[in-house]
$ cat start.cif   # mmCIF, C-alpha atoms and all ligand atoms
data_input
loop_
_atom_site.label_atom_id
_atom_site.label_comp_id
_atom_site.auth_asym_id
_atom_site.auth_seq_id
_atom_site.Cartn_x
_atom_site.Cartn_y
_atom_site.Cartn_z
CA MET A 1 -183.08 52.40 -79.28
CA ARG A 2 -184.07 54.73 -82.14
CA VAL A 3 -187.00 53.46 -84.18
CA LEU A 4 -188.11 54.63 -87.62
CA VAL A 5 -191.71 53.85 -88.60
CA ILE A 6 -192.65 54.03 -92.28
CA GLY A 7 -196.26 54.88 -93.18
CA THR A 8 -199.06 57.36 -92.62
CA GLY A 9 -202.15 55.62 -91.29
CA GLY A 10 -204.02 54.69 -88.14
CA ARG A 11 -201.98 51.51 -87.91
CA GLU A 12 -198.73 53.50 -87.95
CA HIS A 13 -200.14 55.89 -85.34
CA ALA A 14 -200.89 52.93 -83.05
CA LEU A 15 -197.47 51.38 -83.76
CA ALA A 16 -195.64 54.65 -83.11
CA ALA A 17 -197.61 55.21 -79.88
CA ALA A 18 -196.82 51.71 -78.60
CA LEU A 19 -193.14 52.01 -79.59
CA ALA A 20 -192.86 55.39 -77.87
CA LYS A 21 -194.08 53.77 -74.63
CA ASP A 22 -191.28 51.16 -74.67
CA ALA A 23 -188.70 52.21 -72.05
CA GLU A 24 -185.88 51.02 -74.33
CA VAL A 25 -186.91 53.52 -77.03
CA THR A 26 -185.23 56.91 -76.96
CA GLU A 27 -186.93 58.34 -80.04
CA VAL A 28 -189.54 57.37 -82.60
CA VAL A 29 -189.29 58.98 -86.02
CA ALA A 30 -192.17 58.46 -88.47
CA ALA A 31 -192.09 59.09 -92.19
CA PRO A 32 -194.10 60.53 -93.76
CA GLY A 33 -196.51 60.28 -90.78
CA ASN A 34 -199.54 62.49 -90.19
CA PRO A 35 -200.64 65.12 -87.64
CA GLY A 36 -201.77 62.44 -85.16
CA ILE A 37 -198.52 60.53 -85.40
CA ALA A 38 -196.72 63.85 -84.80
CA GLN A 39 -198.08 63.74 -81.23
CA VAL A 40 -196.02 60.62 -80.46
CA ALA A 41 -193.12 60.78 -82.95
CA ARG A 42 -190.94 63.25 -84.81
CA LEU A 43 -191.92 63.36 -88.47
CA ALA A 44 -189.51 63.09 -91.38
CA GLU A 45 -190.22 63.29 -95.08
CA VAL A 46 -189.75 60.39 -97.43
CA ASP A 47 -191.42 58.71 -100.37
CA PRO A 48 -192.34 55.43 -98.64
CA LEU A 49 -192.30 53.59 -101.98
CA ASP A 50 -188.70 54.55 -102.76
CA PRO A 51 -186.39 51.84 -101.33
CA THR A 52 -183.21 53.92 -101.65
CA ALA A 53 -184.78 57.00 -100.09
CA VAL A 54 -186.10 55.03 -97.11
CA ALA A 55 -182.73 53.28 -96.62
CA GLU A 56 -180.91 56.63 -96.73
CA LEU A 57 -183.33 58.11 -94.23
CA ALA A 58 -182.78 55.14 -91.88
CA VAL A 59 -179.01 55.67 -92.10
CA ARG A 60 -179.32 59.42 -91.57
CA GLU A 61 -181.58 58.94 -88.55
CA LEU A 62 -179.17 56.36 -87.04
CA ALA A 63 -182.15 54.01 -86.74
CA ASP A 64 -181.62 50.86 -84.67
CA LEU A 65 -184.87 49.40 -85.96
CA VAL A 66 -187.07 50.21 -88.95
CA VAL A 67 -190.74 49.17 -88.87
CA ILE A 68 -192.53 49.22 -92.20
CA GLY A 69 -196.29 49.64 -91.79
CA PRO A 70 -198.07 49.31 -95.15
CA GLU A 71 -197.89 46.62 -97.82
CA ALA A 72 -196.96 48.77 -100.81
CA PRO A 73 -193.41 49.61 -99.60
CA LEU A 74 -192.84 45.95 -98.69
CA VAL A 75 -193.90 44.80 -102.14
CA ALA A 76 -191.64 47.52 -103.59
CA GLY A 77 -188.62 46.04 -101.76
CA VAL A 78 -188.15 48.71 -99.08
CA ALA A 79 -187.31 46.17 -96.33
CA ASP A 80 -184.57 44.65 -98.53
CA ALA A 81 -183.00 48.05 -99.18
CA VAL A 82 -182.91 48.97 -95.49
CA ARG A 83 -181.52 45.57 -94.48
CA GLU A 84 -178.76 45.94 -97.07
CA ARG A 85 -177.53 48.89 -95.01
CA GLY A 86 -177.22 46.55 -92.03
CA ILE A 87 -180.18 48.01 -90.14
CA PRO A 88 -182.59 45.60 -88.41
CA THR A 89 -185.89 45.83 -90.26
CA PHE A 90 -189.32 44.58 -89.27
CA GLY A 91 -191.06 43.58 -92.48
CA PRO A 92 -190.69 40.86 -95.12
CA SER A 93 -188.52 40.95 -98.22
CA LYS A 94 -190.01 41.89 -101.56
CA GLN A 95 -190.26 38.22 -102.50
CA ALA A 96 -191.84 37.11 -99.22
CA ALA A 97 -194.31 40.02 -99.38
CA GLN A 98 -195.79 38.32 -102.46
CA LEU A 99 -197.86 36.37 -99.93
CA GLU A 100 -199.94 39.54 -99.88
CA GLY A 101 -198.90 41.06 -103.21
CA SER A 102 -200.22 38.21 -105.34
CA LYS A 103 -203.31 36.19 -104.47
CA THR A 104 -202.18 33.56 -107.00
CA PHE A 105 -198.79 33.21 -105.27
CA ALA A 106 -200.48 32.91 -101.86
CA LYS A 107 -202.71 30.13 -103.19
CA GLU A 108 -199.67 28.28 -104.61
CA VAL A 109 -197.92 28.43 -101.25
CA MET A 110 -201.02 27.27 -99.41
CA LEU A 111 -201.52 24.41 -101.84
CA ALA A 112 -197.90 23.30 -101.45
CA ALA A 113 -198.13 23.57 -97.66
CA ALA A 114 -201.57 21.87 -97.45
CA VAL A 115 -203.02 24.90 -95.66
CA PRO A 116 -206.84 24.92 -95.47
CA THR A 117 -208.21 27.67 -97.74
CA ALA A 118 -210.94 28.26 -100.31
CA GLY A 119 -210.58 26.45 -103.63
CA ALA A 120 -209.61 29.03 -106.25
CA ILE A 121 -209.05 29.54 -109.97
CA THR A 122 -207.05 32.36 -111.56
CA ALA A 123 -208.96 33.72 -114.55
CA GLU A 124 -208.13 36.25 -117.25
CA SER A 125 -210.14 35.47 -120.40
CA GLU A 126 -213.93 35.64 -120.64
CA GLU A 127 -213.99 31.87 -121.06
CA GLN A 128 -211.94 31.31 -117.89
CA ILE A 129 -214.12 33.75 -115.95
CA GLN A 130 -217.32 31.98 -116.98
CA ALA A 131 -215.90 28.53 -116.24
CA ALA A 132 -214.74 29.60 -112.77
CA LEU A 133 -218.08 31.22 -111.90
CA ASP A 134 -219.87 28.03 -113.06
CA ARG A 135 -217.66 25.89 -110.90
CA PHE A 136 -218.11 27.71 -107.58
CA GLU A 137 -221.69 29.08 -107.86
CA ALA A 138 -223.20 31.88 -105.72
CA PRO A 139 -222.23 33.65 -103.57
CA TYR A 140 -219.44 34.55 -105.96
CA VAL A 141 -216.05 35.70 -104.63
CA VAL A 142 -213.99 37.61 -107.20
CA LYS A 143 -210.62 39.10 -106.19
CA ASN A 144 -208.26 41.38 -108.04
CA ASP A 145 -204.99 39.42 -108.26
CA GLY A 146 -202.77 42.36 -107.25
CA LEU A 147 -202.68 44.80 -104.36
CA ALA A 148 -205.98 46.63 -103.96
CA ALA A 149 -205.85 48.05 -100.41
CA GLY A 150 -208.59 45.70 -99.23
CA LYS A 151 -211.01 46.90 -101.86
CA GLY A 152 -210.33 44.55 -104.74
CA VAL A 153 -212.78 41.90 -103.57
CA VAL A 154 -216.40 41.53 -104.59
CA VAL A 155 -218.63 39.01 -102.82
CA THR A 156 -222.04 38.88 -104.48
CA ASP A 157 -225.01 36.67 -105.36
CA ASP A 158 -225.39 38.64 -108.58
CA ARG A 159 -223.57 36.92 -111.42
CA ALA A 160 -223.59 40.06 -113.59
CA VAL A 161 -221.83 42.03 -110.81
CA ALA A 162 -219.25 39.24 -110.39
CA GLU A 163 -218.61 39.19 -114.17
CA ALA A 164 -218.29 42.97 -114.37
CA HIS A 165 -215.69 43.04 -111.53
CA ALA A 166 -213.70 40.23 -113.14
CA ARG A 167 -213.59 42.04 -116.49
CA GLU A 168 -212.63 45.33 -114.88
CA CYS A 169 -209.68 43.81 -112.96
CA GLY A 170 -208.16 41.98 -115.90
CA ARG A 171 -206.67 39.15 -113.87
CA VAL A 172 -208.70 37.79 -110.98
CA VAL A 173 -208.85 34.92 -108.54
CA ILE A 174 -212.35 33.44 -108.36
CA GLU A 175 -212.92 31.28 -105.34
CA GLU A 176 -215.18 29.15 -103.22
CA TYR A 177 -217.27 31.10 -100.69
CA LEU A 178 -216.21 30.43 -97.10
CA ASP A 179 -219.09 30.58 -94.66
CA GLY A 180 -218.40 31.55 -91.05
CA PRO A 181 -217.23 34.37 -88.79
CA GLU A 182 -213.96 36.05 -89.73
CA VAL A 183 -210.88 36.32 -87.54
CA SER A 184 -207.66 38.28 -88.04
CA LEU A 185 -204.67 36.64 -86.40
CA PHE A 186 -201.36 38.53 -86.37
CA VAL A 187 -198.20 36.48 -86.01
CA VAL A 188 -194.79 38.03 -85.32
CA THR A 189 -192.08 35.91 -86.91
CA ASP A 190 -188.39 35.95 -87.74
CA GLY A 191 -188.96 33.32 -90.39
CA GLU A 192 -188.45 30.40 -87.99
CA ALA A 193 -190.00 31.16 -84.62
CA ALA A 194 -193.51 32.60 -84.55
CA ILE A 195 -195.47 34.32 -81.79
CA PRO A 196 -199.21 34.94 -82.22
CA LEU A 197 -200.87 38.10 -80.93
CA LEU A 198 -204.47 38.16 -79.67
CA PRO A 199 -207.00 37.29 -82.37
CA ALA A 200 -209.26 40.17 -83.41
CA GLN A 201 -212.32 40.68 -85.55
CA ASP A 202 -212.58 43.32 -88.23
CA PHE A 203 -215.78 44.75 -89.78
CA LYS A 204 -215.22 44.97 -93.53
CA ARG A 205 -218.52 46.33 -94.82
CA ILE A 206 -219.37 50.02 -94.69
CA GLY A 207 -222.84 49.60 -93.18
CA ASP A 208 -224.38 48.33 -89.95
CA GLY A 209 -225.35 44.67 -90.08
CA ASP A 210 -222.54 43.98 -92.60
CA THR A 211 -224.30 45.73 -95.47
CA GLY A 212 -222.94 47.71 -98.40
CA PRO A 213 -219.56 47.54 -100.10
CA ASN A 214 -216.29 46.25 -98.64
CA THR A 215 -213.91 48.79 -97.12
CA GLY A 216 -210.42 48.69 -95.64
CA GLY A 217 -212.10 47.98 -92.27
CA MET A 218 -214.66 50.00 -90.28
CA GLY A 219 -213.87 48.79 -86.78
CA ALA A 220 -212.42 45.95 -84.74
CA TYR A 221 -212.35 44.36 -81.32
CA THR A 222 -210.34 41.93 -79.27
CA PRO A 223 -210.44 39.44 -77.58
CA LEU A 224 -213.08 37.19 -79.15
CA PRO A 225 -215.37 35.82 -76.44
CA TRP A 226 -217.01 33.41 -78.88
CA ALA A 227 -213.81 31.78 -80.18
CA GLU A 228 -212.89 28.21 -79.18
CA ALA A 229 -210.01 28.03 -76.73
CA ASP A 230 -207.88 26.07 -79.21
CA LEU A 231 -208.39 28.51 -82.12
CA VAL A 232 -204.94 30.09 -82.00
CA PRO A 233 -202.96 26.85 -81.46
CA THR A 234 -204.97 25.23 -84.28
CA VAL A 235 -204.16 28.08 -86.69
CA MET A 236 -200.49 28.03 -85.68
CA ARG A 237 -200.31 24.28 -86.39
CA THR A 238 -202.45 24.08 -89.54
CA VAL A 239 -201.64 27.43 -91.18
CA VAL A 240 -198.72 29.40 -89.79
CA GLU A 241 -196.09 26.71 -89.25
CA PRO A 242 -196.60 25.00 -92.64
CA THR A 243 -196.68 28.36 -94.45
CA LEU A 244 -193.44 29.57 -92.83
CA ALA A 245 -191.82 26.20 -93.58
CA GLU A 246 -192.87 26.42 -97.24
CA MET A 247 -191.48 29.97 -97.50
CA ARG A 248 -188.15 28.75 -96.04
CA ARG A 249 -188.14 25.80 -98.44
CA ARG A 250 -188.51 28.23 -101.35
CA GLY A 251 -185.50 30.18 -100.11
CA THR A 252 -187.65 33.23 -99.33
CA PRO A 253 -188.30 33.03 -95.58
CA PHE A 254 -191.06 35.31 -94.35
CA SER A 255 -190.07 37.58 -91.46
CA GLY A 256 -192.15 40.39 -90.02
CA LEU A 257 -195.87 40.26 -89.42
CA LEU A 258 -197.89 37.49 -91.00
CA TYR A 259 -201.54 38.53 -90.94
CA VAL A 260 -203.77 35.51 -91.28
CA GLY A 261 -207.33 36.39 -92.33
CA LEU A 262 -209.54 33.41 -91.54
CA ALA A 263 -213.11 32.24 -91.84
CA ILE A 264 -214.13 29.88 -89.05
CA THR A 265 -216.12 27.37 -91.10
CA LYS A 266 -217.97 24.25 -89.96
CA SER A 267 -214.92 22.26 -90.99
CA GLY A 268 -212.47 24.47 -89.08
CA PRO A 269 -210.51 27.66 -89.70
CA LYS A 270 -209.68 28.33 -93.36
CA VAL A 271 -207.51 31.10 -94.78
CA ILE A 272 -209.29 33.92 -96.62
CA GLU A 273 -206.10 35.87 -97.21
CA PHE A 274 -202.59 36.54 -96.02
CA ASN A 275 -201.26 40.02 -95.51
CA ALA A 276 -197.60 40.85 -95.01
CA ARG A 277 -198.12 43.58 -92.41
CA PHE A 278 -200.21 44.60 -89.41
CA GLY A 279 -203.93 45.00 -90.17
CA ASP A 280 -205.71 48.30 -89.93
CA PRO A 281 -207.76 48.84 -87.72
CA GLU A 282 -207.10 45.56 -85.83
CA THR A 283 -203.63 46.82 -84.79
CA GLN A 284 -205.24 49.65 -82.87
CA VAL A 285 -207.09 47.20 -80.58
CA VAL A 286 -204.47 44.46 -80.36
CA LEU A 287 -201.65 46.83 -79.39
CA SER A 288 -203.81 48.57 -76.81
CA LEU A 289 -203.87 45.32 -74.80
CA LEU A 290 -200.22 44.33 -75.33
CA GLU A 291 -198.19 44.87 -72.15
CA THR A 292 -194.92 43.46 -73.48
CA PRO A 293 -192.69 46.28 -74.79
CA LEU A 294 -193.26 46.41 -78.56
CA ALA A 295 -189.83 47.57 -79.75
CA GLY A 296 -188.08 44.64 -78.09
CA LEU A 297 -190.51 42.19 -79.70
CA LEU A 298 -190.16 43.65 -83.20
CA LEU A 299 -186.37 43.92 -82.85
CA ALA A 300 -186.19 40.24 -81.85
CA ALA A 301 -188.14 39.35 -85.00
CA ALA A 302 -185.95 41.62 -87.14
CA THR A 303 -182.72 40.07 -85.83
CA GLY A 304 -183.68 36.39 -85.83
CA ALA A 305 -183.80 36.25 -82.03
CA LEU A 306 -187.50 35.54 -81.55
CA ALA A 307 -187.03 32.02 -80.15
CA ALA A 308 -185.36 33.59 -77.10
CA HIS A 309 -188.10 36.19 -76.58
CA PRO A 310 -190.18 35.77 -73.39
CA PRO A 311 -193.90 34.94 -73.70
CA LEU A 312 -196.11 37.95 -74.35
CA SER A 313 -198.05 39.57 -71.58
CA TRP A 314 -201.57 40.89 -72.16
CA SER A 315 -204.00 43.10 -70.30
CA ALA A 316 -207.16 41.26 -69.19
CA ASP A 317 -209.23 44.14 -70.60
CA SER A 318 -211.09 44.29 -73.90
CA ALA A 319 -210.54 46.82 -76.69
CA VAL A 320 -212.79 48.28 -79.39
CA THR A 321 -212.01 50.64 -82.25
CA VAL A 322 -214.59 52.47 -84.37
CA VAL A 323 -213.45 53.99 -87.66
CA VAL A 324 -214.73 57.42 -88.63
CA ALA A 325 -214.79 57.67 -92.43
CA ALA A 326 -215.30 60.61 -94.76
CA ALA A 327 -218.59 61.23 -96.58
CA GLY A 328 -218.75 59.16 -99.75
CA TYR A 329 -216.30 56.47 -98.57
CA PRO A 330 -215.50 53.92 -99.99
CA ALA A 331 -216.60 54.80 -103.55
CA ALA A 332 -215.65 58.51 -103.62
CA PRO A 333 -214.49 59.90 -100.27
CA ARG A 334 -214.92 63.66 -99.94
CA LEU A 335 -211.60 65.12 -98.79
CA GLY A 336 -210.71 68.43 -97.22
CA ASP A 337 -213.46 68.74 -94.58
CA VAL A 338 -212.40 70.16 -91.22
CA ILE A 339 -212.21 67.82 -88.20
CA THR A 340 -212.57 68.86 -84.57
CA GLY A 341 -212.63 66.86 -81.34
CA ALA A 342 -209.89 64.45 -82.37
CA GLU A 343 -207.43 65.33 -79.58
CA ALA A 344 -208.22 62.57 -77.06
CA ALA A 345 -205.81 59.70 -76.42
CA GLY A 346 -206.97 56.66 -78.38
CA VAL A 347 -208.07 58.68 -81.41
CA PHE A 348 -205.65 57.33 -83.98
CA HIS A 349 -205.27 59.37 -87.16
CA ALA A 350 -205.61 57.53 -90.45
CA GLY A 351 -206.31 60.13 -93.13
CA THR A 352 -205.66 63.57 -91.67
CA GLY A 353 -203.66 66.62 -92.65
CA VAL A 354 -203.36 70.26 -91.64
CA ARG A 355 -204.60 73.12 -93.84
CA ASP A 356 -204.46 76.74 -92.65
CA GLY A 357 -203.92 75.51 -89.12
CA ALA A 358 -207.02 73.28 -89.16
CA LEU A 359 -207.10 69.49 -89.06
CA THR A 360 -208.71 68.15 -92.25
CA ALA A 361 -209.70 64.81 -93.75
CA THR A 362 -207.20 63.59 -96.35
CA GLY A 363 -208.31 59.97 -96.77
CA GLY A 364 -211.39 57.77 -96.84
CA ARG A 365 -210.80 56.38 -93.38
CA VAL A 366 -210.05 59.42 -91.24
CA LEU A 367 -209.80 58.36 -87.58
CA ALA A 368 -209.92 55.17 -85.53
CA CYS A 369 -211.47 55.85 -82.12
CA THR A 370 -209.97 53.24 -79.83
CA ALA A 371 -210.71 52.47 -76.19
CA THR A 372 -210.38 49.71 -73.63
CA GLY A 373 -212.73 48.58 -70.86
CA ARG A 374 -213.12 45.74 -68.39
CA ASP A 375 -215.26 43.95 -70.97
CA LEU A 376 -216.34 44.55 -74.57
CA ALA A 377 -219.51 46.39 -73.49
CA GLU A 378 -217.45 48.92 -71.50
CA ALA A 379 -214.82 49.21 -74.26
CA ARG A 380 -217.63 49.89 -76.75
CA LEU A 381 -219.09 52.64 -74.57
CA ASN A 382 -215.67 54.24 -74.23
CA ALA A 383 -214.90 54.00 -77.96
CA TYR A 384 -218.28 55.46 -78.99
CA HIS A 385 -217.75 58.21 -76.42
CA LEU A 386 -214.62 59.18 -78.41
CA VAL A 387 -216.64 59.08 -81.65
CA ASP A 388 -219.24 61.40 -80.09
CA GLN A 389 -216.58 64.09 -79.60
CA ILE A 390 -215.62 64.10 -83.31
CA LYS A 391 -217.08 66.67 -85.64
CA LEU A 392 -216.58 66.11 -89.37
CA ASP A 393 -219.16 67.04 -91.97
CA GLY A 394 -220.86 63.93 -93.43
CA MET A 395 -218.80 61.54 -91.30
CA GLN A 396 -219.74 57.87 -91.45
CA PHE A 397 -219.23 55.21 -88.81
CA ARG A 398 -220.83 51.90 -87.90
CA THR A 399 -222.87 51.77 -84.72
CA ASP A 400 -222.61 47.99 -84.29
CA ILE A 401 -218.86 47.40 -83.86
CA ALA A 402 -218.43 44.51 -81.35
CA LEU A 403 -222.14 44.70 -80.50
CA LYS A 404 -222.97 41.01 -80.93
CA ALA A 405 -219.80 39.90 -79.15
CA ALA A 406 -220.49 42.29 -76.25
CA GLU A 407 -223.92 40.72 -75.76
CA LEU A 408 -222.56 37.18 -75.36
P1 LIG B 1 -209.67 39.89 -98.80
O1 LIG B 1 -209.16 41.18 -99.36
O2 LIG B 1 -209.22 38.67 -99.52
O3 LIG B 1 -209.53 39.82 -97.30
O4 LIG B 1 -211.26 39.94 -98.91
C1 LIG B 1 -211.99 40.99 -98.30
C2 LIG B 1 -213.23 40.42 -97.68
O5 LIG B 1 -214.02 39.70 -98.64
C3 LIG B 1 -212.94 39.39 -96.61
O6 LIG B 1 -212.67 39.95 -95.38
C4 LIG B 1 -214.25 38.62 -96.60
O7 LIG B 1 -215.24 39.34 -95.90
C5 LIG B 1 -214.61 38.58 -98.04
N1 LIG B 1 -214.10 37.35 -98.64
C6 LIG B 1 -212.94 37.20 -99.30
N2 LIG B 1 -212.76 35.92 -99.71
C7 LIG B 1 -213.84 35.23 -99.29
C8 LIG B 1 -214.27 33.87 -99.41
N3 LIG B 1 -213.56 32.96 -100.08
N4 LIG B 1 -215.43 33.51 -98.86
C9 LIG B 1 -216.19 34.44 -98.19
N5 LIG B 1 -215.85 35.73 -98.06
C10 LIG B 1 -214.70 36.14 -98.62
N1 LIG B 2 -208.33 45.35 -91.71
C1 LIG B 2 -208.00 44.71 -92.92
C2 LIG B 2 -206.64 44.93 -93.40
O1 LIG B 2 -205.82 45.55 -92.75
O2 LIG B 2 -206.35 44.44 -94.48
#
$ encode --input "start.cif" --output "structure tokens"
Amino acid sequence: MRVLVIGTGGREHALAAALAKDAEVTEVVAAPGNPGIAQVARLAEVDPLDPTAVAELAVRELADLVVIGPEAPLVAGVADAVRERGIPTFGPSKQAAQLEGSKTFAKEVMLAAAVPTAGAITAESEEQIQAALDRFEAPYVVKNDGLAAGKGVVVTDDRAVAEAHARECGRVVIEEYLDGPEVSLFVVTDGEAAIPLLPAQDFKRIGDGDTGPNTGGMGAYTPLPWAEADLVPTVMRTVVEPTLAEMRRRGTPFSGLLYVGLAITKSGPKVIEFNARFGDPETQVVLSLLETPLAGLLLAAATGALAAHPPLSWSADSAVTVVVAAAGYPAAPRLGDVITGAEAAGVFHAGTGVRDGALTATGGRVLACTATGRDLAEARLNAYHLVDQIKLDGMQFRTDIALKAAEL
């Protein structure tokens, strides 16, 4: 099987690495990729947001499966264009990707499907903004309605900050604050059948102790020793199955990866957000424990054959990933600094490039240092050992990824 992976980040590096390990896979091509991905795949050039260009590349590469990593190409209709050429494609249609592309759409689907989530109001005018903030009170949750790469959300006790974000975004969703630990659950689906992966936890804030601004994610771990045994079956029954049924009912079935971002509240798991693709950096930890060959699983989802897929098999180990970010991230990442020490297995490249033969930082999140261990404490040690090898001027990373969970 020849697999084409679209994207450039740490998630795509982890996907390409896992696909390359599948015995059924003869070659992985990644486009546009990055220097880390080039260690596990052959790189090709493409504008990932151009549906025709991606479809033509898939045809030229004789791809048997195309895996689309990031949300922007999905929302741009890249999966539709590749499927039109008759090539199995892992990733939702443009319409189904609106589950991530529009917070308002996601709320409509959840309302129709009676999925537990935060109460929410879409607001545009000053009057609507004020009324919504009055209704939900502090802490205020204000979300940009469109795609914002995980950075369009402000959660604050400061009403002036909430108002300023709402005005800046134009159209926002203002919602009830959900109190409780967060979980990311990835579900592979062909639109009908659905198979959950291991739940993971992501660390969204830049600073230790969950301080500072939100980021795309500063680290992750799996499994979750503190989670109730029935967490995943409960989410499948109360969230995933009704959501997939509602998407089918609308004539826009969702196939690909449904990422359910949850808060585990006192009254049970509630949806914070849906994404239409694998999460980054949770993918790096989840895939490092998956023993089932990945290409076969994604191909089954892409071809409507998931119901016949065998149950997944998982390592009994634990996995931790620690993101190394550039100085100034998330507000104003400083790009171009030279990176050394990033050669080890498990160092997934997110924002890297090559300049004059040297590896350099090209994005806010630069590397995701990922390791396994017999338990979370050992996986943490191994992941931070990888971080210790990295040299990048002004690099930032959290020192408390999976710390609380490892102490349980
Ligand atoms: P989102 O992009 O919707 O995942 O939001 C980013 C982060 O903001 C989430 O991971 C949460 O930490 C926080 N957040 C979003 N919505 C809520 C909510 N309703 N209640 C509490 N925290 C939230
Ligand atoms: N880790 C959060 C995301 O991928 O959106």
$ residues_near_ligand --input "start.cif" --ligand "ligand LIG 2 (chain B)" --cutoff "10 Å" --atoms "only C-alpha atoms and all ligand atoms" --output "number ranges by chain"
A: 11, 70-71, 100, 148-151, 184, 200-204, 215-220, 259-261, 273-283
$ write_last_selection --input "start.cif" --atoms "C-alpha atoms" --output "PDB file, in the coordinates of the input"
ATOM      1  CA  ARG A  11    -201.980  51.510 -87.910  1.00  0.00           C
ATOM      2  CA  PRO A  70    -198.070  49.310 -95.150  1.00  0.00           C
ATOM      3  CA  GLU A  71    -197.890  46.620 -97.820  1.00  0.00           C
ATOM      4  CA  GLU A 100    -199.940  39.540 -99.880  1.00  0.00           C
ATOM      5  CA  ALA A 148    -205.980  46.630-103.960  1.00  0.00           C
ATOM      6  CA  ALA A 149    -205.850  48.050-100.410  1.00  0.00           C
ATOM      7  CA  GLY A 150    -208.590  45.700 -99.230  1.00  0.00           C
ATOM      8  CA  LYS A 151    -211.010  46.900-101.860  1.00  0.00           C
ATOM      9  CA  SER A 184    -207.660  38.280 -88.040  1.00  0.00           C
ATOM     10  CA  ALA A 200    -209.260  40.170 -83.410  1.00  0.00           C
ATOM     11  CA  GLN A 201    -212.320  40.680 -85.550  1.00  0.00           C
ATOM     12  CA  ASP A 202    -212.580  43.320 -88.230  1.00  0.00           C
ATOM     13  CA  PHE A 203    -215.780  44.750 -89.780  1.00  0.00           C
ATOM     14  CA  LYS A 204    -215.220  44.970 -93.530  1.00  0.00           C
ATOM     15  CA  THR A 215    -213.910  48.790 -97.120  1.00  0.00           C
ATOM     16  CA  GLY A 216    -210.420  48.690 -95.640  1.00  0.00           C
ATOM     17  CA  GLY A 217    -212.100  47.980 -92.270  1.00  0.00           C
ATOM     18  CA  MET A 218    -214.660  50.000 -90.280  1.00  0.00           C
ATOM     19  CA  GLY A 219    -213.870  48.790 -86.780  1.00  0.00           C
ATOM     20  CA  ALA A 220    -212.420  45.950 -84.740  1.00  0.00           C
ATOM     21  CA  TYR A 259    -201.540  38.530 -90.940  1.00  0.00           C
ATOM     22  CA  VAL A 260    -203.770  35.510 -91.280  1.00  0.00           C
ATOM     23  CA  GLY A 261    -207.330  36.390 -92.330  1.00  0.00           C
ATOM     24  CA  GLU A 273    -206.100  35.870 -97.210  1.00  0.00           C
ATOM     25  CA  PHE A 274    -202.590  36.540 -96.020  1.00  0.00           C
ATOM     26  CA  ASN A 275    -201.260  40.020 -95.510  1.00  0.00           C
ATOM     27  CA  ALA A 276    -197.600  40.850 -95.010  1.00  0.00           C
ATOM     28  CA  ARG A 277    -198.120  43.580 -92.410  1.00  0.00           C
ATOM     29  CA  PHE A 278    -200.210  44.600 -89.410  1.00  0.00           C
ATOM     30  CA  GLY A 279    -203.930  45.000 -90.170  1.00  0.00           C
ATOM     31  CA  ASP A 280    -205.710  48.300 -89.930  1.00  0.00           C
ATOM     32  CA  PRO A 281    -207.760  48.840 -87.720  1.00  0.00           C
ATOM     33  CA  GLU A 282    -207.100  45.560 -85.830  1.00  0.00           C
ATOM     34  CA  THR A 283    -203.630  46.820 -84.790  1.00  0.00           C
TER      35      THR A 283
END
$ closest_residue --input "start.cif" --among "A:Pro196, A:Pro181, A:Pro225, A:Gly207" --to "Pro269 (chain A)" --atoms "all atoms listed in the file"
A:Pro181
$ atom_distance --input "start.cif" --atom1 "CA of Val387 (chain A)" --atom2 "CA of Ile6 (chain A)"
26.7 Å
$ closest_residue --input "start.cif" --among "A:Arg365, A:Arg398, A:His165, A:Lys94" --to "Gly9 (chain A)" --atoms "all atoms listed in the file"
A:Arg365
$ closest_residue --input "start.cif" --among "A:Thr265, A:Thr122, A:Ser93, A:Gln39" --to "ligand LIG 1 (chain B)" --atoms "all atoms listed in the file"
A:Thr265
$ closest_residue --input "start.cif" --among "A:Val109, A:Leu262, A:Ala72, A:Ala332" --to "ligand LIG 1 (chain B)" --atoms "all atoms listed in the file"
A:Leu262
$ closest_residue --input "start.cif" --among "A:Thr370, A:Ser255, A:Asn144, A:Ser288" --to "Val322 (chain A)" --atoms "only C-alpha atoms"
A:Thr370
$ residues_around --input "start.cif" --residues "Glu61 (chain A)" --least-positions-apart "4" --cutoff "9 Å" --atoms "all atoms listed in the file" --output "list in words"
Arg2, Val3, Leu4, Val29, Glu56 and Leu57 of chain A
$ residues_around --input "start.cif" --residues "Val173 (chain A)" --least-positions-apart "4" --cutoff "10 Å" --atoms "all atoms listed in the file" --output "PyMOL selection string"
chain A and resi 102-104+107+119-124+129+132+141-146+153+166+169
$ residues_around --input "start.cif" --residues "Gly373 (chain A)" --least-positions-apart "5" --cutoff "9 Å" --atoms "all atoms listed in the file" --output "ChimeraX atom specification"
/A:317-320,378-382
$ residues_around --input "start.cif" --residues "Leu65 (chain A)" --least-positions-apart "3" --cutoff "12 Å" --atoms "only C-alpha atoms" --output "ChimeraX atom specification"
/A:1-6,19,24-30,55,58-59,61-62,68,79,82-83,85-91,294-303
$ atom_distance --input "start.cif" --atom1 "CA of Glu343 (chain A)" --atom2 "CA of Leu15 (chain A)"
17.6 Å
$ axis_aligned_box --input "start.cif" --around "region 3-20 of chain A" --padding-each-side "4 Å" --output "AutoDock Vina command-line options"
--center_x -195.5 --center_y 54.4 --center_z -85.5 --size_x 25.0 --size_y 14.0 --size_z 23.3
